[in-house]
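Q: Handing you a structure now.
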2 protein chains.
Amino acid sequence: MRDFLPEDIRRREHVIGVIRRVYERYGFEPLETPAVENLETLMGKYGEEGNQLIFKILKRGEHEASGEADLALRYDLTVPLARVVAQYRSKLPRLFKRYQIQPVWRADRPARGRFREFYQCDVDSLGSSSPAVEAEMCAAVTDALKDLGFTDFEIRINHRDLLTHLLNSADIAPALHGATLVALDKMDKIGRHGVEKELDQRGVSQISTNWLLGFFHDSVADGLGTAGADVSCAALGVVDAVASDHVDGSVGYAGRENLRKILTLCENTSAAERMRWDPFLARGLSYYTGAIFEINVPDLAGSLGGGGRYDNLVGMFLGQSVPACGFSLGLERILVVMAERGMFPPSLARTSADVMVAVFDAADAPHGLRVAGLLRQSGLRVLVYPDADKVGKQIKYADSLGIPFVAILGGNEIAAGTVTIKNLAAQTQVTYDQAAAAGAILEGLKQRG
Amino acid sequence: MRDFLPEDIRRREHVIGVIRRVYERYGFEPLETPAVENLETLMGKYGEEGNQLIFKILKRGEHEASGEADLALRYDLTVPLARVVAQYRSKLPRLFKRYQIQPVWRADRPARGRFREFYQCDVDSLGSSSPAVEAEMCAAVTDALKDLGFTDFEIRINHRDLLTHLLNSADIAPALHGATLVALDKMDKIGRHGVEKELDQRGVSQISTNWLLGFFHDSVADGLGTAGADVSCAALGVVDAVASDHVDGSVGYAGRENLRKILTLCENTSAAERMRWDPFLARGLSYYTGAIFEINVPDLAGSLGGGGRYDNLVGMFLGQSVPACGFSLGLERILVVMAERGMFPPSLARTSADVMVAVFDAADAPHGLRVAGLLRQSGLRVLVYPDADKVGKQIKYADSLGIPFVAILGGNEIAAGTVTIKNLAAQTQVTYDQAAAAGAILEGLKQRG
């Protein structure tokens, strides 16, 4: 986990501010949940590997010695959202659209761009199963990335129903579908051989594995999933090719129809140029039930974010299904790419203050504070040098921090009610009435640009 | 711990924004630290009671079964700051001024205005022992509260050296000073009798307790600590009265001199009218070494914030003392008082969207999304009703959420490239070219004020 120094924070606040403004234009409202949830709320929602990565909190007081945990740190923002929706159902609008930008914690081995504390920027729509929800999701994320300055991202989309149909066709039992998708999701990281090995360990037969991976291999050869592929025809081909065999194709047909509607709607939004159907996209999380997404840029191995429809998660808390769909942007990854590409506005690299106030003698400190107050009333950011060090040392200090102006109060200035403003870059200094100094500094800052 | 719904978050963001802008005018820079610290970093820094209120995190993986904790949730923002300063000393400016606004966690019994997860807004100056640091601290906090709309707060100030002198004079051994201050700090809550009892349990002799509480009692009778008391004379009286006896008065004299300097400097800042010397102010935390503060308003039993000088805390991590002074505002308490007094700007109570887009038929959804995109380009916050429910039901939904305008796309509008804008409050509707609709809605919003 990391400490964030001033420039890191300004960068993060910039990105969060842009994302927040876009999400509000889409009618999403802010929600925040506590860092700590009941352990039982989180357990069993993220699969076996997830359970082990949850930070668990020891019981307090007399129960501490038991070594038992009853609370846990938030692992993502989706499960807490489902808990909130179940808990406040009657207080929330029927179509609940919320965004949530908060840290989550995972006891993962830290690696480049992967931290144990990291921020997620989530948007979710609850209460409607309309494909317009997915289309708006993709448009909102597109606008956010565009407003941040990204021009080269794509949103890959696939559908759990198509995947289910494929796994059925490969004769993989429904109980093994979750594990199979987790393995397929790692194709980028561990390669075909790695996936084969993991499927074998999970109990998927070699015949099924061969059929499935062979199908994917042939699909790639046929150009499926490349940018130019005609999505609706291609998806039709996938479903027909395997439905003609020994399994019922209805799930696959429904998925294809839903995917086609979403993509048609996306044509009418800012996401139009961004969408690409990827028949191999699987997503590891077990709670997805429909469309799934992932965003990529060419110069990052992982994704900038992902999401999908999860119509059954709220039901695990409420006992009644609520249709839901969400998208999560990974703040750290966005920051990494923006830093590498130099995408931050130069204004974020600003110094801690516009002007530093210096006095010659400790007895003059009251005058220093009074003049600092005057300057602050004009909105200037003012550092008061607190000690009566030699003035040369004080000026050197301001210069070392990149503070552009020093306001000097010597005996003459104090007697005359004036202040001398030194412009460190221009090496000039002018004496002003104390009441006029703020205006002169503001003018000087404007000229520096 | 609590979930924060949209209006809660807008209120909190408003308060944080005001405080942040003021702190930046004083040359403080943002810092953030992880929620999780090493357990050993926190243990032993907050006294015995503090140790028990720390949320401790179980070791992960194979060590989980041991029931041992190695990490903990942040308990305040001061100890993590001291760790940061020790860790990054060479990277930070010699005079390091930072603000930090983040949640902290304490396993306290929840009560009115007291939560197990709550935000602190801290400012700290490190690297100088000048009294100008304390004066600027008080001025910054004063400006923040004034900018939030508070007019009736006062900043009570006292000095640990004066308290030390008093405890020495009461013949209380230095080893018992910490526990004595913790007990004195509870005077407001548990009364004189409660303090007597606690001092007895801690091993302070009855003679010492009687002398100490008698001294405070007489001081109150003499008018010390009331708003009009002449601080420097009164503090002089305190020191002289007890120094003439059997203890060395030098610590007390130094404290008095420091207090006098701070208060003189405050006279030249916005805090001038706010300061009141309170000889009974003790503050519970063990790490304070000089001036201590607390802010109060008449209609809140607890304080809005507090702080003080702590010159030795960084040394516990660095092995080398760094002078330091800080102030912490309690966000939840500020929010409680502002809510009770109705101090929030009405704009914070806004709805989730400016306009809702409604179509009659699912087949028209693409037009709905396209027009929503047009409206958003003008900065409007737009909710797209995702389902093709009856239009009356859709309009009722917008009205129930307080959304002021509905943009209706029926067959005629779509054919003509127009959209009908319904003003729900005025019960009027006008049909516009789709490109002109955003302007009309913006105008309508302006008229609503």
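Residues in the structure tokens are named by chain (A, B, ... in the order shown) and by number from 1 within that chain; ligands are numbered from 1 in the order shown.
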Given a cut-off of 7 Å, which residues of chain B touch chain A, counting only C-alpha atoms, written out as number ranges by chain?

A: B: 1-6, 9, 24-34, 52, 55-58, 61, 67-68, 128, 130, 132-133, 265, 268-269, 352-353, 366, 369-370, 373, 376, 379-383, 386-387

Q: Over every C-alpha pair, in sequence order, do a least-squares fit of chain B onto chain A and save the fitted chain as a compact mmCIF listing (two decimals) with C-alpha atoms, in the first residue's frame.

A:
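The file below, result_0.txt, is the result:
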```txt
# COMPACT_ATOMS: atom_id res chain seq x y z
CA MET B 1 -0.01 0.00 -0.01
CA ARG B 2 1.21 3.46 -0.77
CA ASP B 3 1.39 7.00 0.58
CA PHE B 4 0.24 9.71 -1.81
CA LEU B 5 2.28 12.90 -1.96
CA PRO B 6 0.80 16.19 -3.24
CA GLU B 7 1.23 15.71 -6.99
CA ASP B 8 -0.12 12.14 -6.83
CA ILE B 9 -3.23 13.46 -5.12
CA ARG B 10 -3.74 16.29 -7.59
CA ARG B 11 -3.53 13.79 -10.44
CA ARG B 12 -5.97 11.45 -8.79
CA GLU B 13 -8.38 14.26 -7.95
CA HIS B 14 -8.22 15.44 -11.57
CA VAL B 15 -9.13 11.99 -12.92
CA ILE B 16 -11.85 11.43 -10.32
CA GLY B 17 -13.30 14.88 -11.05
CA VAL B 18 -13.55 14.20 -14.80
CA ILE B 19 -15.11 10.77 -14.28
CA ARG B 20 -17.56 12.10 -11.71
CA ARG B 21 -18.76 14.94 -13.96
CA VAL B 22 -19.42 12.51 -16.82
CA TYR B 23 -21.26 10.05 -14.59
CA GLU B 24 -23.46 12.85 -13.26
CA ARG B 25 -24.34 13.86 -16.85
CA TYR B 26 -25.68 10.32 -17.23
CA GLY B 27 -27.93 10.71 -14.18
CA PHE B 28 -25.79 8.59 -11.83
CA GLU B 29 -25.75 9.73 -8.21
CA PRO B 30 -22.94 9.31 -5.68
CA LEU B 31 -22.97 6.54 -3.08
CA GLU B 32 -20.33 5.64 -0.51
CA THR B 33 -20.19 2.62 1.76
CA PRO B 34 -17.99 1.88 4.79
CA ALA B 35 -14.54 0.38 4.29
CA VAL B 36 -15.54 -2.44 6.61
CA GLU B 37 -18.32 -4.97 5.90
CA ASN B 38 -19.50 -7.99 7.85
CA LEU B 39 -17.27 -10.88 6.84
CA GLU B 40 -20.30 -13.01 5.92
CA THR B 41 -21.48 -10.33 3.47
CA LEU B 42 -18.30 -10.80 1.42
CA MET B 43 -17.56 -14.52 1.79
CA GLY B 44 -18.69 -16.70 -1.09
CA LYS B 45 -19.27 -13.81 -3.51
CA TYR B 46 -15.91 -13.76 -5.31
CA GLY B 47 -15.16 -17.44 -5.75
CA GLU B 48 -12.58 -19.53 -3.93
CA GLU B 49 -9.55 -17.40 -4.82
CA GLY B 50 -11.39 -14.25 -3.81
CA ASN B 51 -12.22 -15.62 -0.34
CA GLN B 52 -8.51 -15.99 0.38
CA LEU B 53 -7.66 -12.46 -0.73
CA ILE B 54 -10.09 -10.77 1.68
CA PHE B 55 -8.49 -8.84 4.57
CA LYS B 56 -10.24 -10.11 7.71
CA ILE B 57 -10.56 -8.12 10.93
CA LEU B 58 -10.14 -9.67 14.37
CA LYS B 59 -13.01 -9.55 16.86
CA ARG B 60 -12.54 -6.84 19.48
CA GLY B 61 -12.21 -6.74 23.26
CA GLU B 62 -12.52 -10.02 25.16
CA HIS B 63 -13.11 -11.90 21.88
CA GLU B 64 -9.78 -10.76 20.42
CA ALA B 65 -7.94 -13.70 21.98
CA SER B 66 -10.20 -16.14 20.10
CA GLY B 67 -8.33 -15.25 16.89
CA GLU B 68 -11.65 -15.14 15.04
CA ALA B 69 -12.63 -12.55 12.45
CA ASP B 70 -16.12 -11.10 12.07
CA LEU B 71 -15.46 -8.08 9.80
CA ALA B 72 -13.54 -7.58 6.57
CA LEU B 73 -12.24 -4.84 4.31
CA ARG B 74 -14.28 -4.05 1.19
CA TYR B 75 -13.03 -6.25 -1.67
CA ASP B 76 -14.94 -4.52 -4.47
CA LEU B 77 -17.76 -1.98 -4.75
CA THR B 78 -20.36 -4.28 -6.32
CA VAL B 79 -21.15 -6.56 -3.39
CA PRO B 80 -21.51 -3.59 -0.95
CA LEU B 81 -23.86 -2.01 -3.53
CA ALA B 82 -25.97 -5.15 -3.64
CA ARG B 83 -26.13 -5.11 0.18
CA VAL B 84 -27.17 -1.42 0.13
CA VAL B 85 -29.89 -2.03 -2.44
CA ALA B 86 -31.27 -4.93 -0.43
CA GLN B 87 -31.10 -2.91 2.81
CA TYR B 88 -32.59 0.40 1.56
CA ARG B 89 -34.86 -0.92 -1.22
CA SER B 90 -37.86 1.18 -0.20
CA LYS B 91 -35.82 4.40 0.09
CA LEU B 92 -34.14 4.15 -3.32
CA PRO B 93 -35.69 5.04 -6.69
CA ARG B 94 -36.99 2.07 -8.68
CA LEU B 95 -34.31 2.69 -11.30
CA PHE B 96 -31.30 3.24 -9.06
CA LYS B 97 -28.26 4.62 -10.87
CA ARG B 98 -25.24 5.20 -8.66
CA TYR B 99 -21.55 5.82 -9.01
CA GLN B 100 -19.05 5.02 -6.30
CA ILE B 101 -15.37 5.97 -6.29
CA GLN B 102 -13.60 4.46 -3.28
CA PRO B 103 -10.63 2.25 -2.40
CA VAL B 104 -10.87 -1.53 -2.12
CA TRP B 105 -8.39 -3.93 -0.54
CA ARG B 106 -7.08 -7.29 -1.75
CA ALA B 107 -4.33 -9.35 -0.13
CA ASP B 108 -2.79 -9.95 -3.55
CA ARG B 109 0.93 -10.17 -4.16
CA PRO B 110 1.82 -6.59 -5.16
CA ALA B 111 3.15 -6.14 -8.73
CA ARG B 112 3.58 -3.37 -11.31
CA GLY B 113 0.28 -1.43 -11.41
CA ARG B 114 -1.24 -3.83 -8.86
CA PHE B 115 -1.57 -2.70 -5.27
CA ARG B 116 -3.19 -4.08 -2.14
CA GLU B 117 -5.14 -0.83 -1.73
CA PHE B 118 -6.54 0.57 -4.96
CA TYR B 119 -9.42 2.74 -6.15
CA GLN B 120 -12.33 1.56 -8.23
CA CYS B 121 -14.65 3.95 -10.10
CA ASP B 122 -17.93 2.09 -10.46
CA VAL B 123 -21.20 2.92 -12.17
CA ASP B 124 -24.19 0.65 -11.82
CA SER B 125 -27.82 0.74 -12.95
CA LEU B 126 -30.34 -1.31 -11.02
CA GLY B 127 -33.99 -1.99 -11.74
CA SER B 128 -34.10 -2.50 -15.51
CA SER B 129 -33.09 -5.32 -17.83
CA SER B 130 -33.35 -3.15 -20.93
CA PRO B 131 -30.34 -3.28 -23.30
CA ALA B 132 -30.41 0.53 -23.18
CA VAL B 133 -28.78 0.14 -19.75
CA GLU B 134 -25.72 -1.60 -21.21
CA ALA B 135 -25.53 0.91 -24.08
CA GLU B 136 -25.60 3.87 -21.69
CA MET B 137 -22.94 2.20 -19.54
CA CYS B 138 -20.63 1.91 -22.55
CA ALA B 139 -21.37 5.50 -23.62
CA ALA B 140 -20.66 6.87 -20.13
CA VAL B 141 -17.34 5.07 -19.87
CA THR B 142 -16.45 6.22 -23.40
CA ASP B 143 -17.18 9.86 -22.51
CA ALA B 144 -15.14 9.59 -19.31
CA LEU B 145 -12.09 8.22 -21.12
CA LYS B 146 -12.46 10.73 -23.98
CA ASP B 147 -12.72 13.63 -21.51
CA LEU B 148 -9.51 12.36 -19.89
CA GLY B 149 -7.85 12.53 -23.32
CA PHE B 150 -7.88 8.86 -24.39
CA THR B 151 -8.41 8.35 -28.14
CA ASP B 152 -7.34 4.76 -28.74
CA PHE B 153 -9.34 2.52 -26.44
CA GLU B 154 -11.82 -0.18 -27.37
CA ILE B 155 -14.62 -1.80 -25.41
CA ARG B 156 -14.71 -5.55 -25.90
CA ILE B 157 -18.09 -7.11 -25.30
CA ASN B 158 -19.32 -10.68 -25.01
CA HIS B 159 -22.26 -12.44 -23.43
CA ARG B 160 -22.42 -15.06 -20.71
CA ASP B 161 -25.31 -16.79 -22.54
CA LEU B 162 -23.11 -17.32 -25.58
CA LEU B 163 -20.38 -18.73 -23.35
CA THR B 164 -22.89 -20.96 -21.55
CA HIS B 165 -24.09 -22.26 -24.90
CA LEU B 166 -20.52 -23.00 -25.93
CA LEU B 167 -19.68 -24.77 -22.68
CA ASN B 168 -22.89 -26.83 -22.97
CA SER B 169 -21.90 -27.71 -26.51
CA ALA B 170 -18.48 -28.77 -25.26
CA ASP B 171 -20.25 -31.16 -22.85
CA ILE B 172 -18.98 -29.33 -19.77
CA ALA B 173 -21.32 -29.84 -16.81
CA PRO B 174 -22.98 -26.62 -15.49
CA ALA B 175 -21.25 -27.11 -12.11
CA LEU B 176 -17.89 -26.66 -13.88
CA HIS B 177 -18.88 -23.59 -15.92
CA GLY B 178 -17.63 -21.09 -13.32
CA ALA B 179 -14.20 -22.69 -13.00
CA THR B 180 -13.96 -23.02 -16.79
CA LEU B 181 -14.62 -19.30 -17.28
CA VAL B 182 -12.03 -18.41 -14.62
CA ALA B 183 -9.49 -20.50 -16.57
CA LEU B 184 -10.49 -19.07 -19.99
CA ASP B 185 -10.20 -15.55 -18.54
CA LYS B 186 -6.49 -16.21 -17.99
CA MET B 187 -5.77 -17.01 -21.68
CA ASP B 188 -3.85 -13.72 -22.10
CA LYS B 189 -1.73 -14.38 -19.02
CA ILE B 190 -1.01 -18.13 -19.07
CA GLY B 191 -1.59 -19.08 -22.72
CA ARG B 192 -3.43 -22.04 -24.25
CA HIS B 193 -1.20 -24.58 -22.57
CA GLY B 194 -1.77 -23.03 -19.14
CA VAL B 195 -5.53 -22.98 -19.69
CA GLU B 196 -5.50 -26.67 -20.74
CA LYS B 197 -3.62 -27.56 -17.58
CA GLU B 198 -5.96 -25.61 -15.33
CA LEU B 199 -9.07 -27.10 -16.98
CA ASP B 200 -7.62 -30.57 -16.46
CA GLN B 201 -7.03 -29.84 -12.76
CA ARG B 202 -10.59 -28.56 -12.43
CA GLY B 203 -11.98 -31.83 -13.76
CA VAL B 204 -12.91 -30.82 -17.32
CA SER B 205 -12.41 -33.76 -19.65
CA GLN B 206 -9.72 -33.61 -22.30
CA ILE B 207 -12.30 -34.12 -25.06
CA SER B 208 -14.28 -31.07 -23.86
CA THR B 209 -11.13 -28.98 -23.51
CA ASN B 210 -9.96 -29.90 -27.01
CA TRP B 211 -13.35 -29.13 -28.53
CA LEU B 212 -13.60 -25.78 -26.74
CA LEU B 213 -10.08 -24.53 -27.41
CA GLY B 214 -10.26 -25.89 -30.97
CA PHE B 215 -13.44 -23.92 -31.52
CA PHE B 216 -11.78 -20.73 -30.28
CA HIS B 217 -8.76 -21.45 -32.43
CA ASP B 218 -10.91 -21.89 -35.55
CA SER B 219 -12.89 -18.76 -34.71
CA VAL B 220 -9.71 -16.73 -34.58
CA ALA B 221 -8.69 -18.17 -37.93
CA ASP B 222 -12.10 -17.16 -39.29
CA GLY B 223 -11.51 -13.59 -38.16
CA LEU B 224 -14.09 -13.54 -35.38
CA GLY B 225 -13.35 -10.95 -32.75
CA THR B 226 -11.28 -8.76 -35.03
CA ALA B 227 -12.33 -5.16 -35.36
CA GLY B 228 -14.02 -5.54 -38.74
CA ALA B 229 -16.12 -8.66 -38.01
CA ASP B 230 -19.84 -8.35 -38.60
CA VAL B 231 -20.99 -8.96 -35.08
CA SER B 232 -24.55 -10.13 -35.60
CA CYS B 233 -23.68 -12.55 -38.41
CA ALA B 234 -20.66 -13.84 -36.55
CA ALA B 235 -22.62 -14.46 -33.36
CA LEU B 236 -25.29 -16.14 -35.46
CA GLY B 237 -22.62 -18.40 -36.86
CA VAL B 238 -21.35 -19.33 -33.42
CA VAL B 239 -24.78 -20.26 -32.15
CA ASP B 240 -25.90 -22.08 -35.28
CA ALA B 241 -22.65 -23.99 -35.62
CA VAL B 242 -23.00 -25.62 -32.25
CA ALA B 243 -26.79 -25.66 -31.80
CA SER B 244 -27.27 -27.95 -34.76
CA ASP B 245 -25.53 -30.63 -32.76
CA HIS B 246 -26.88 -32.15 -29.55
CA VAL B 247 -27.77 -29.17 -27.32
CA ASP B 248 -30.72 -26.81 -27.13
CA GLY B 249 -29.71 -23.50 -28.68
CA SER B 250 -32.28 -21.28 -26.95
CA VAL B 251 -29.87 -19.80 -24.37
CA GLY B 252 -27.39 -19.00 -27.13
CA TYR B 253 -30.09 -17.45 -29.32
CA ALA B 254 -31.25 -15.24 -26.45
CA GLY B 255 -27.69 -14.11 -25.78
CA ARG B 256 -27.12 -13.34 -29.44
CA GLU B 257 -30.36 -11.32 -29.63
CA ASN B 258 -29.45 -9.33 -26.51
CA LEU B 259 -25.93 -8.67 -27.80
CA ARG B 260 -27.30 -7.50 -31.14
CA LYS B 261 -29.71 -5.07 -29.43
CA ILE B 262 -26.97 -3.63 -27.21
CA LEU B 263 -24.64 -3.11 -30.17
CA THR B 264 -27.40 -1.47 -32.25
CA LEU B 265 -28.15 0.94 -29.42
CA CYS B 266 -24.44 1.69 -28.97
CA GLU B 267 -24.41 2.83 -32.61
CA ASN B 268 -26.47 5.82 -31.44
CA THR B 269 -24.09 6.83 -28.66
CA SER B 270 -20.52 8.07 -28.30
CA ALA B 271 -19.48 4.41 -27.88
CA ALA B 272 -20.33 3.69 -31.54
CA GLU B 273 -16.74 3.50 -32.77
CA ARG B 274 -15.45 1.74 -29.66
CA MET B 275 -17.36 -1.56 -29.49
CA ARG B 276 -15.86 -4.87 -30.58
CA TRP B 277 -17.45 -8.25 -30.00
CA ASP B 278 -14.84 -10.62 -28.53
CA PRO B 279 -16.11 -14.23 -28.39
CA PHE B 280 -13.20 -15.13 -26.06
CA LEU B 281 -13.90 -12.54 -23.40
CA ALA B 282 -14.93 -14.49 -20.27
CA ARG B 283 -14.40 -12.30 -17.10
CA GLY B 284 -13.47 -14.21 -13.97
CA LEU B 285 -16.19 -13.15 -11.54
CA SER B 286 -18.95 -15.65 -10.94
CA TYR B 287 -21.87 -13.25 -10.55
CA TYR B 288 -22.28 -12.10 -14.18
CA THR B 289 -25.42 -13.25 -15.96
CA GLY B 290 -25.53 -11.40 -19.32
CA ALA B 291 -23.38 -9.01 -21.33
CA ILE B 292 -19.79 -8.59 -20.12
CA PHE B 293 -17.29 -5.84 -21.03
CA GLU B 294 -13.63 -4.99 -20.83
CA ILE B 295 -11.77 -1.85 -21.95
CA ASN B 296 -8.28 -1.96 -23.39
CA VAL B 297 -5.63 0.37 -24.74
CA PRO B 298 -2.74 -0.88 -26.88
CA ASP B 299 0.05 0.00 -24.42
CA LEU B 300 -1.32 -1.74 -21.31
CA ALA B 301 -1.32 -5.51 -20.87
CA GLY B 302 -4.28 -5.57 -18.48
CA SER B 303 -7.59 -3.76 -18.89
CA LEU B 304 -8.53 -0.21 -17.87
CA GLY B 305 -11.83 -1.52 -16.57
CA GLY B 306 -14.62 -4.00 -17.05
CA GLY B 307 -18.10 -4.93 -16.06
CA GLY B 308 -21.29 -6.63 -17.02
CA ARG B 309 -24.83 -7.59 -16.10
CA TYR B 310 -25.43 -9.41 -12.79
CA ASP B 311 -29.15 -9.96 -12.35
CA ASN B 312 -28.93 -12.36 -9.39
CA LEU B 313 -26.48 -10.74 -6.95
CA VAL B 314 -28.93 -8.47 -5.15
CA GLY B 315 -31.22 -11.50 -4.78
CA MET B 316 -28.54 -13.17 -2.64
CA PHE B 317 -29.22 -10.46 -0.02
CA LEU B 318 -32.85 -9.56 -0.73
CA GLY B 319 -34.33 -12.94 -1.63
CA GLN B 320 -35.83 -11.24 -4.69
CA SER B 321 -34.03 -10.63 -7.98
CA VAL B 322 -33.22 -7.08 -9.07
CA PRO B 323 -31.82 -6.65 -12.59
CA ALA B 324 -28.45 -4.90 -12.49
CA CYS B 325 -25.55 -3.95 -14.71
CA GLY B 326 -22.28 -2.20 -13.88
CA PHE B 327 -18.94 -1.00 -15.10
CA SER B 328 -15.78 -0.45 -13.07
CA LEU B 329 -12.80 1.67 -14.11
CA GLY B 330 -9.46 0.98 -12.44
CA LEU B 331 -8.09 4.32 -11.28
CA GLU B 332 -4.48 3.18 -10.80
CA ARG B 333 -4.22 1.79 -14.32
CA ILE B 334 -5.68 4.95 -15.83
CA LEU B 335 -3.13 6.97 -13.83
CA VAL B 336 -0.24 4.75 -14.95
CA VAL B 337 -1.09 5.11 -18.65
CA MET B 338 -1.77 8.85 -18.36
CA ALA B 339 1.57 9.37 -16.59
CA GLU B 340 3.49 7.36 -19.18
CA ARG B 341 1.84 9.24 -22.03
CA GLY B 342 2.14 12.68 -20.36
CA MET B 343 -1.62 13.26 -20.45
CA PHE B 344 -1.98 15.40 -17.29
CA PRO B 345 -2.65 19.14 -17.58
CA PRO B 346 0.51 21.10 -16.65
CA SER B 347 -1.47 23.03 -13.99
CA LEU B 348 -1.44 19.90 -11.78
CA ALA B 349 2.32 20.26 -11.26
CA ARG B 350 1.88 23.46 -9.30
CA THR B 351 3.87 24.46 -6.24
CA SER B 352 2.58 24.58 -2.67
CA ALA B 353 2.17 28.38 -2.61
CA ASP B 354 2.01 31.46 -4.84
CA VAL B 355 4.01 33.65 -2.47
CA MET B 356 6.10 33.29 0.68
CA VAL B 357 6.13 35.99 3.38
CA ALA B 358 9.52 36.75 4.98
CA VAL B 359 10.33 38.98 7.95
CA PHE B 360 13.83 39.97 9.19
CA ASP B 361 13.22 39.74 12.91
CA ALA B 362 11.12 37.53 15.20
CA ALA B 363 9.58 40.68 16.67
CA ASP B 364 8.11 41.45 13.23
CA ALA B 365 6.25 38.15 12.98
CA PRO B 366 2.89 39.82 13.79
CA HIS B 367 3.30 42.01 10.67
CA GLY B 368 4.13 38.94 8.62
CA LEU B 369 0.94 37.21 9.72
CA ARG B 370 -1.15 40.31 9.10
CA VAL B 371 0.14 40.79 5.54
CA ALA B 372 -0.30 37.05 4.86
CA GLY B 373 -3.93 37.44 5.89
CA LEU B 374 -4.35 40.34 3.45
CA LEU B 375 -2.88 38.33 0.58
CA ARG B 376 -5.05 35.30 1.37
CA GLN B 377 -8.17 37.44 1.23
CA SER B 378 -7.44 37.82 -2.49
CA GLY B 379 -7.35 34.04 -2.84
CA LEU B 380 -3.55 33.74 -3.00
CA ARG B 381 -1.91 30.68 -1.53
CA VAL B 382 0.54 32.06 1.02
CA LEU B 383 3.34 30.37 2.96
CA VAL B 384 4.58 32.26 6.03
CA TYR B 385 8.22 31.45 6.74
CA PRO B 386 7.87 30.85 10.48
CA ASP B 387 11.42 31.52 11.69
CA ALA B 388 13.53 34.70 11.58
CA ASP B 389 16.37 33.16 9.57
CA LYS B 390 18.59 35.38 7.41
CA VAL B 391 16.55 36.74 4.52
CA GLY B 392 18.88 35.20 1.93
CA LYS B 393 18.25 31.77 3.44
CA GLN B 394 14.50 32.36 3.41
CA ILE B 395 14.51 33.40 -0.26
CA LYS B 396 16.63 30.37 -1.15
CA TYR B 397 14.05 28.18 0.57
CA ALA B 398 11.16 29.68 -1.45
CA ASP B 399 13.19 29.19 -4.64
CA SER B 400 13.94 25.55 -3.77
CA LEU B 401 10.18 24.90 -3.55
CA GLY B 402 9.46 26.75 -6.82
CA ILE B 403 7.41 29.43 -5.06
CA PRO B 404 7.49 32.31 -7.59
CA PHE B 405 7.17 35.37 -5.30
CA VAL B 406 8.52 36.43 -1.89
CA ALA B 407 6.87 39.24 0.09
CA ILE B 408 9.58 40.89 2.22
CA LEU B 409 8.77 42.93 5.33
CA GLY B 410 11.84 44.76 6.62
CA GLY B 411 11.92 47.63 9.09
CA ASN B 412 11.40 50.25 6.37
CA GLU B 413 8.44 48.45 4.85
CA ILE B 414 6.77 47.97 8.23
CA ALA B 415 7.25 51.63 9.15
CA ALA B 416 5.84 52.76 5.79
CA GLY B 417 2.99 50.22 5.57
CA THR B 418 4.51 48.77 2.41
CA VAL B 419 5.84 45.39 1.32
CA THR B 420 8.56 44.49 -1.21
CA ILE B 421 7.55 41.82 -3.71
CA LYS B 422 10.45 39.89 -5.17
CA ASN B 423 9.87 37.99 -8.42
CA LEU B 424 12.33 35.11 -8.15
CA ALA B 425 12.36 34.10 -11.81
CA ALA B 426 12.66 37.64 -13.17
CA GLN B 427 15.07 38.67 -10.38
CA THR B 428 13.16 41.93 -9.93
CA GLN B 429 11.64 43.54 -6.87
CA VAL B 430 9.10 46.32 -6.43
CA THR B 431 7.75 47.90 -3.24
CA TYR B 432 3.97 48.32 -2.97
CA ASP B 433 1.46 49.59 -0.46
CA GLN B 434 0.45 46.53 1.53
CA ALA B 435 -3.12 46.80 0.23
CA ALA B 436 -1.92 46.78 -3.40
CA ALA B 437 0.50 43.84 -3.13
CA ALA B 438 -2.06 41.07 -3.79
CA GLY B 439 -3.09 42.69 -7.09
CA ALA B 440 0.52 42.94 -8.21
CA ILE B 441 1.22 39.27 -7.41
CA LEU B 442 -1.97 38.11 -9.16
CA GLU B 443 -0.90 40.11 -12.23
CA GLY B 444 2.57 38.57 -12.05
CA LEU B 445 1.10 35.05 -11.84
CA LYS B 446 -1.05 35.74 -14.89
CA GLN B 447 2.01 36.84 -16.89
CA ARG B 448 3.82 33.63 -15.94
CA GLY B 449 0.84 31.78 -17.44
```

Q: Using DSSP on the backbone coordinates, identify the residues of stretch 29-101 of chain A assigned to strand (DSSP E); present them as number ranges by chain.

A: A: 29-30, 36-38, 56-58, 69-73, 96-101

Q: Mind checking DSSP for stretch 74-207 of chain B and telling me the helix (DSSP H, G or I) residues as a PyMOL selection string?

A: chain B and resi 78-91+131-148+160-169+174-185+187-202+206-207
